Amino acid sequence: MPADQHRELSHEDVQKVMSTVDIPSCPNAVTDAMKEAQKDEPDLKRLADVISGDPGMSAAALKLANSPLFGTNSPVSSVRKAVERLGTTNVVCVVVASALRASITGLPAAWIDQFWKRTTMLALVASLIARRQYGVSPDAAYTYTLFHDAGVPLMMRRFPNYGELLERCQTEGRLLGEMEEEYFPCTHPIISSLLVRNWGLPPILGQAIRFHHDNEAYDLPDRTLPGGALSLIAVTQVAERLLSEQFSDDIEVGEYLFERALDFLGISGDDLDDLRARVTTAIENGGD
């Protein structure tokens with residue numbers, strides 16, 4: 001039996017997780033938007049109509065279209081113009097992000113708002129880093145980052161003592177992935193990867209999410225973790241570490257995976273200093 005085979009989720013593993021944690025189903029708006037975006041000639045007006053029908057999606061589309069990611073000084077104020085600027089792939093990102101946030105309920109408003117604020121900022125930073133890397137799609141990095149920790153609020157909702165575990169990670173300097181494996185029957189990477197699969201998103205996102213806390217990720221064979229998935233992991237680990245430097249709250253990446261990510265992406269010390277400056281600017285400009 002191959003050494004990496006134990007990493008593949010069996011049907012029993014999936015059923016165990018599904019019976020343990022409630023994973024939201026994919027909303028119709030997401031399905032409609034993805035179907036339209038995948039057409040040979042997508043109808044931008046139809047995509048704009050889908051977004052305009054939801055205040056959260058509309059606000060998210062305008063914010064992303066006017067963000068530093070698109071590097072323009074001429075802000076747009078209509079959803080249609082935002083859709084034209086973003087393009088179909090980014091529009092799907094907006095629809096998915098808004099629907100994902102709306103689908104996770106039953107948690108204290110202050111906590112969930114802070115979680116999504118940080119997640120959205122992280123997605124923006126990951127996209128900015130991806131733009132500077134050959135062969136890494138900023139759009140895929142953005143969507144991957146939105147989903148890679150989506151299992152955290154689902155764990156928070158399911159397990160009453162999960163919030164205590166998050167606090168212990170901070171106070172004890174432990175990594176979240178290690179603590180979850182020690183105390184719970186499932187982990188947020190597994191839940192997040194199942195959520196991505198259930199929502200019909202590209203399989204490479206789920207593969208990347210599944211292994212983003214694995215210390216052996218950079219040594220796995222391509223058949224287990226394709227290079228494209230590893231690129232998404234690396235870009236987001238660098239983004240997460242740089243963002244956490246601003247707040248002294250790294251419970252996700254740690255020194256080892258950060259160094260492996262830098263090496264994998266070929267990011268030099270000077271490159272890292274430049275990225276730090278860009279992250280600081282992004283935070284100052286706001287990323288909610």
# chains A, B, ... in the order shown; residues from 1 in each chain; ligands from 1

$ residues_around --residues "range 233-237 of chain A" --least-positions-apart "6" --cutoff "8 Å" --atoms "only C-alpha atoms" --output "PyMOL selection string"
chain A and resi 122-123+126+129-130+141+145+208-209+212+253+257-258+260-262+264-265

$ write_last_selection --atoms "N, CA and C atoms" --output "mmCIF file, in the first residue's frame"
data_model
loop_
_atom_site.group_PDB
_atom_site.id
_atom_site.type_symbol
_atom_site.label_atom_id
_atom_site.label_comp_id
_atom_site.auth_asym_id
_atom_site.auth_seq_id
_atom_site.Cartn_x
_atom_site.Cartn_y
_atom_site.Cartn_z
ATOM 1 N N LEU A 122 -7.369 38.286 3.938
ATOM 2 C CA LEU A 122 -6.389 37.270 3.579
ATOM 3 C C LEU A 122 -6.526 36.878 2.107
ATOM 4 N N ALA A 123 -7.761 36.767 1.624
ATOM 5 C CA ALA A 123 -7.989 36.423 0.219
ATOM 6 C C ALA A 123 -7.412 37.492 -0.702
ATOM 7 N N ALA A 126 -3.574 37.137 -0.565
ATOM 8 C CA ALA A 126 -3.148 35.952 -1.320
ATOM 9 C C ALA A 126 -3.208 36.224 -2.823
ATOM 10 N N ILE A 129 -0.237 38.368 -3.849
ATOM 11 C CA ILE A 129 0.989 37.566 -3.926
ATOM 12 C C ILE A 129 0.965 36.670 -5.166
ATOM 13 N N ALA A 130 -0.202 36.073 -5.451
ATOM 14 C CA ALA A 130 -0.329 35.186 -6.613
ATOM 15 C C ALA A 130 -0.034 35.922 -7.913
ATOM 16 N N ALA A 141 -6.538 31.653 -6.229
ATOM 17 C CA ALA A 141 -5.997 31.922 -4.895
ATOM 18 C C ALA A 141 -7.039 32.609 -4.026
ATOM 19 N N THR A 145 -8.641 30.753 -0.767
ATOM 20 C CA THR A 145 -8.437 31.343 0.551
ATOM 21 C C THR A 145 -9.759 31.566 1.266
ATOM 22 N N ALA A 208 -6.120 21.165 -2.328
ATOM 23 C CA ALA A 208 -5.250 22.104 -1.621
ATOM 24 C C ALA A 208 -5.729 22.313 -0.187
ATOM 25 N N ILE A 209 -7.023 22.460 -0.016
ATOM 26 C CA ILE A 209 -7.587 22.683 1.324
ATOM 27 C C ILE A 209 -7.330 21.477 2.224
ATOM 28 N N HIS A 212 -3.653 21.660 3.645
ATOM 29 C CA HIS A 212 -2.979 22.927 3.935
ATOM 30 C C HIS A 212 -2.378 23.026 5.339
ATOM 31 N N VAL A 253 0.018 28.651 10.393
ATOM 32 C CA VAL A 253 1.114 28.274 9.507
ATOM 33 C C VAL A 253 2.337 27.773 10.265
ATOM 34 N N LEU A 257 6.280 25.556 7.964
ATOM 35 C CA LEU A 257 5.528 25.634 6.718
ATOM 36 C C LEU A 257 5.759 26.961 6.001
ATOM 37 N N PHE A 258 5.988 28.021 6.765
ATOM 38 C CA PHE A 258 6.282 29.315 6.159
ATOM 39 C C PHE A 258 7.579 29.239 5.353
ATOM 40 N N ARG A 260 8.983 26.538 4.135
ATOM 41 C CA ARG A 260 8.777 25.642 2.990
ATOM 42 C C ARG A 260 8.033 26.360 1.871
ATOM 43 N N ALA A 261 7.060 27.185 2.242
ATOM 44 C CA ALA A 261 6.288 27.930 1.236
ATOM 45 C C ALA A 261 7.173 28.935 0.503
ATOM 46 N N LEU A 262 8.006 29.650 1.254
ATOM 47 C CA LEU A 262 8.918 30.620 0.634
ATOM 48 C C LEU A 262 9.864 29.920 -0.341
ATOM 49 N N PHE A 264 9.408 27.013 -1.854
ATOM 50 C CA PHE A 264 8.651 26.473 -2.988
ATOM 51 C C PHE A 264 8.372 27.555 -4.026
ATOM 52 N N LEU A 265 8.033 28.755 -3.554
ATOM 53 C CA LEU A 265 7.697 29.851 -4.459
ATOM 54 C C LEU A 265 8.922 30.630 -4.935
#

$ select_by_dssp --residues "range 57-242 of chain A" --states "alpha helix (DSSP H)" --output "PyMOL selection string"
chain A and resi 57-65+79-103+109-130+138-148+151-158+162-172+176-183+188-198+203-210+227-242

$ residues_around --residues "Ile190 in chain A" --least-positions-apart "3" --cutoff "8 Å" --atoms "only C-alpha atoms" --output "MDAnalysis selection string"
chainID A and resid 151 186:187 193:194 209:210

$ write_last_selection --atoms "C-alpha atoms" --output "short mmCIF file (atom, residue, chain, number, x, y, z; two decimals), in the first residue's frame"
data_model
loop_
_atom_site.label_atom_id
_atom_site.label_comp_id
_atom_site.auth_asym_id
_atom_site.auth_seq_id
_atom_site.Cartn_x
_atom_site.Cartn_y
_atom_site.Cartn_z
CA GLY A 151 -14.62 24.70 8.38
CA CYS A 186 -12.56 15.84 12.52
CA THR A 187 -10.54 18.87 11.42
CA SER A 193 -12.62 20.36 1.50
CA LEU A 194 -15.98 18.56 1.72
CA ILE A 209 -7.59 22.68 1.32
CA ARG A 210 -7.33 19.07 2.45
#

$ atom_distance --atom1 "CA of Asp214 in chain A" --atom2 "CA of Leu146 in chain A"
18.7 Å

$ residues_around --residues "Asn161 in chain A" --least-positions-apart "5" --cutoff "12 Å" --atoms "only C-alpha atoms" --output "NGL selection string"
:A and (155-156 or 166-168 or 180 or 183-184)

$ atom_distance --atom1 "CA of Ile23 in chain A" --atom2 "CA of Val96 in chain A"
15.0 Å

$ residues_around --residues "Leu225 in chain A" --least-positions-apart "4" --cutoff "12 Å" --atoms "only C-alpha atoms" --output "list in words"
Asp4, Gln5, Arg7, Glu8, Pro203, Ile204, Leu205, Gly206, Gln207, Ala208, Ile209, Arg210, Phe211, His212, Asp214, Glu216, Ala217, Tyr218, Asp219, Leu220, Pro221, Ala229, Leu230, Ser231, Leu232 and Ile233 of chain A

$ atom_distance --atom1 "CA of Trp111 in chain A" --atom2 "CA of Met179 in chain A"
20.0 Å

$ closest_atom_pairs --of "range 97-133 of chain A" --to "range 37-57 of chain A" --cutoff "12 Å" --atoms "only C-alpha atoms" --output "CSV"
residue,atom,partner,partner_atom,distance
A:Ala97,CA,A:Met57,CA,8.1
A:Ser98,CA,A:Met57,CA,5.4
A:Ala99,CA,A:Met57,CA,7.9
A:Leu100,CA,A:Met57,CA,10.7
A:Arg101,CA,A:Gly56,CA,9.3
A:Ala102,CA,A:Gly56,CA,8.6

$ closest_residue --among "A:Lys35, A:Ala60, A:Leu175, A:Glu255" --to "Lys117 in chain A" --atoms "only C-alpha atoms"
A:Ala60

$ closest_residue --among "A:Pro138, A:Leu86, A:Ser25, A:Val91" --to "Ser67 in chain A" --atoms "only C-alpha atoms"
A:Leu86

$ decode --residues "range 77-97 of chain A" --atoms "N, CA and C atoms" --output "PDB file, in the first residue's frame"
ATOM      1  N   SER A  77     -19.500  52.550  -9.579  1.00  0.00           N
ATOM      2  CA  SER A  77     -20.580  52.649  -8.598  1.00  0.00           C
ATOM      3  C   SER A  77     -21.779  51.776  -8.934  1.00  0.00           C
ATOM      4  N   SER A  78     -21.766  51.132 -10.108  1.00  0.00           N
ATOM      5  CA  SER A  78     -22.877  50.250 -10.476  1.00  0.00           C
ATOM      6  C   SER A  78     -22.398  48.806 -10.521  1.00  0.00           C
ATOM      7  N   VAL A  79     -23.303  47.887 -10.208  1.00  0.00           N
ATOM      8  CA  VAL A  79     -22.962  46.463 -10.227  1.00  0.00           C
ATOM      9  C   VAL A  79     -22.570  46.028 -11.633  1.00  0.00           C
ATOM     10  N   ARG A  80     -23.279  46.528 -12.638  1.00  0.00           N
ATOM     11  CA  ARG A  80     -22.961  46.149 -14.028  1.00  0.00           C
ATOM     12  C   ARG A  80     -21.525  46.541 -14.381  1.00  0.00           C
ATOM     13  N   LYS A  81     -21.125  47.760 -14.015  1.00  0.00           N
ATOM     14  CA  LYS A  81     -19.761  48.203 -14.291  1.00  0.00           C
ATOM     15  C   LYS A  81     -18.755  47.372 -13.498  1.00  0.00           C
ATOM     16  N   ALA A  82     -19.128  47.028 -12.266  1.00  0.00           N
ATOM     17  CA  ALA A  82     -18.240  46.193 -11.450  1.00  0.00           C
ATOM     18  C   ALA A  82     -18.047  44.830 -12.090  1.00  0.00           C
ATOM     19  N   VAL A  83     -19.131  44.262 -12.612  1.00  0.00           N
ATOM     20  CA  VAL A  83     -19.063  42.957 -13.265  1.00  0.00           C
ATOM     21  C   VAL A  83     -18.173  43.026 -14.503  1.00  0.00           C
ATOM     22  N   GLU A  84     -18.308  44.097 -15.269  1.00  0.00           N
ATOM     23  CA  GLU A  84     -17.490  44.259 -16.466  1.00  0.00           C
ATOM     24  C   GLU A  84     -16.008  44.353 -16.108  1.00  0.00           C
ATOM     25  N   ARG A  85     -15.705  45.039 -15.024  1.00  0.00           N
ATOM     26  CA  ARG A  85     -14.310  45.180 -14.606  1.00  0.00           C
ATOM     27  C   ARG A  85     -13.763  43.871 -14.050  1.00  0.00           C
ATOM     28  N   LEU A  86     -14.583  43.178 -13.272  1.00  0.00           N
ATOM     29  CA  LEU A  86     -14.118  41.962 -12.613  1.00  0.00           C
ATOM     30  C   LEU A  86     -13.941  40.807 -13.580  1.00  0.00           C
ATOM     31  N   GLY A  87     -14.851  40.677 -14.542  1.00  0.00           N
ATOM     32  CA  GLY A  87     -14.828  39.511 -15.405  1.00  0.00           C
ATOM     33  C   GLY A  87     -15.531  38.340 -14.749  1.00  0.00           C
ATOM     34  N   THR A  88     -15.837  37.330 -15.532  1.00  0.00           N
ATOM     35  CA  THR A  88     -16.693  36.243 -15.039  1.00  0.00           C
ATOM     36  C   THR A  88     -16.090  35.471 -13.876  1.00  0.00           C
ATOM     37  N   THR A  89     -14.797  35.195 -13.925  1.00  0.00           N
ATOM     38  CA  THR A  89     -14.187  34.390 -12.863  1.00  0.00           C
ATOM     39  C   THR A  89     -14.259  35.099 -11.521  1.00  0.00           C
ATOM     40  N   ASN A  90     -13.940  36.388 -11.533  1.00  0.00           N
ATOM     41  CA  ASN A  90     -13.989  37.148 -10.285  1.00  0.00           C
ATOM     42  C   ASN A  90     -15.414  37.351  -9.793  1.00  0.00           C
ATOM     43  N   VAL A  91     -16.349  37.446 -10.726  1.00  0.00           N
ATOM     44  CA  VAL A  91     -17.753  37.569 -10.340  1.00  0.00           C
ATOM     45  C   VAL A  91     -18.193  36.325  -9.575  1.00  0.00           C
ATOM     46  N   VAL A  92     -17.768  35.174 -10.062  1.00  0.00           N
ATOM     47  CA  VAL A  92     -18.088  33.928  -9.352  1.00  0.00           C
ATOM     48  C   VAL A  92     -17.481  33.951  -7.957  1.00  0.00           C
ATOM     49  N   CYS A  93     -16.271  34.491  -7.840  1.00  0.00           N
ATOM     50  CA  CYS A  93     -15.636  34.635  -6.517  1.00  0.00           C
ATOM     51  C   CYS A  93     -16.536  35.430  -5.577  1.00  0.00           C
ATOM     52  N   VAL A  94     -17.075  36.531  -6.088  1.00  0.00           N
ATOM     53  CA  VAL A  94     -17.936  37.391  -5.283  1.00  0.00           C
ATOM     54  C   VAL A  94     -19.206  36.659  -4.856  1.00  0.00           C
ATOM     55  N   VAL A  95     -19.825  35.984  -5.815  1.00  0.00           N
ATOM     56  CA  VAL A  95     -21.059  35.244  -5.526  1.00  0.00           C
ATOM     57  C   VAL A  95     -20.806  34.163  -4.492  1.00  0.00           C
ATOM     58  N   VAL A  96     -19.735  33.416  -4.694  1.00  0.00           N
ATOM     59  CA  VAL A  96     -19.392  32.327  -3.769  1.00  0.00           C
ATOM     60  C   VAL A  96     -19.089  32.866  -2.372  1.00  0.00           C
ATOM     61  N   ALA A  97     -18.302  33.940  -2.308  1.00  0.00           N
ATOM     62  CA  ALA A  97     -17.912  34.502  -1.011  1.00  0.00           C
ATOM     63  C   ALA A  97     -19.124  34.984  -0.231  1.00  0.00           C
TER      64      ALA A  97
END
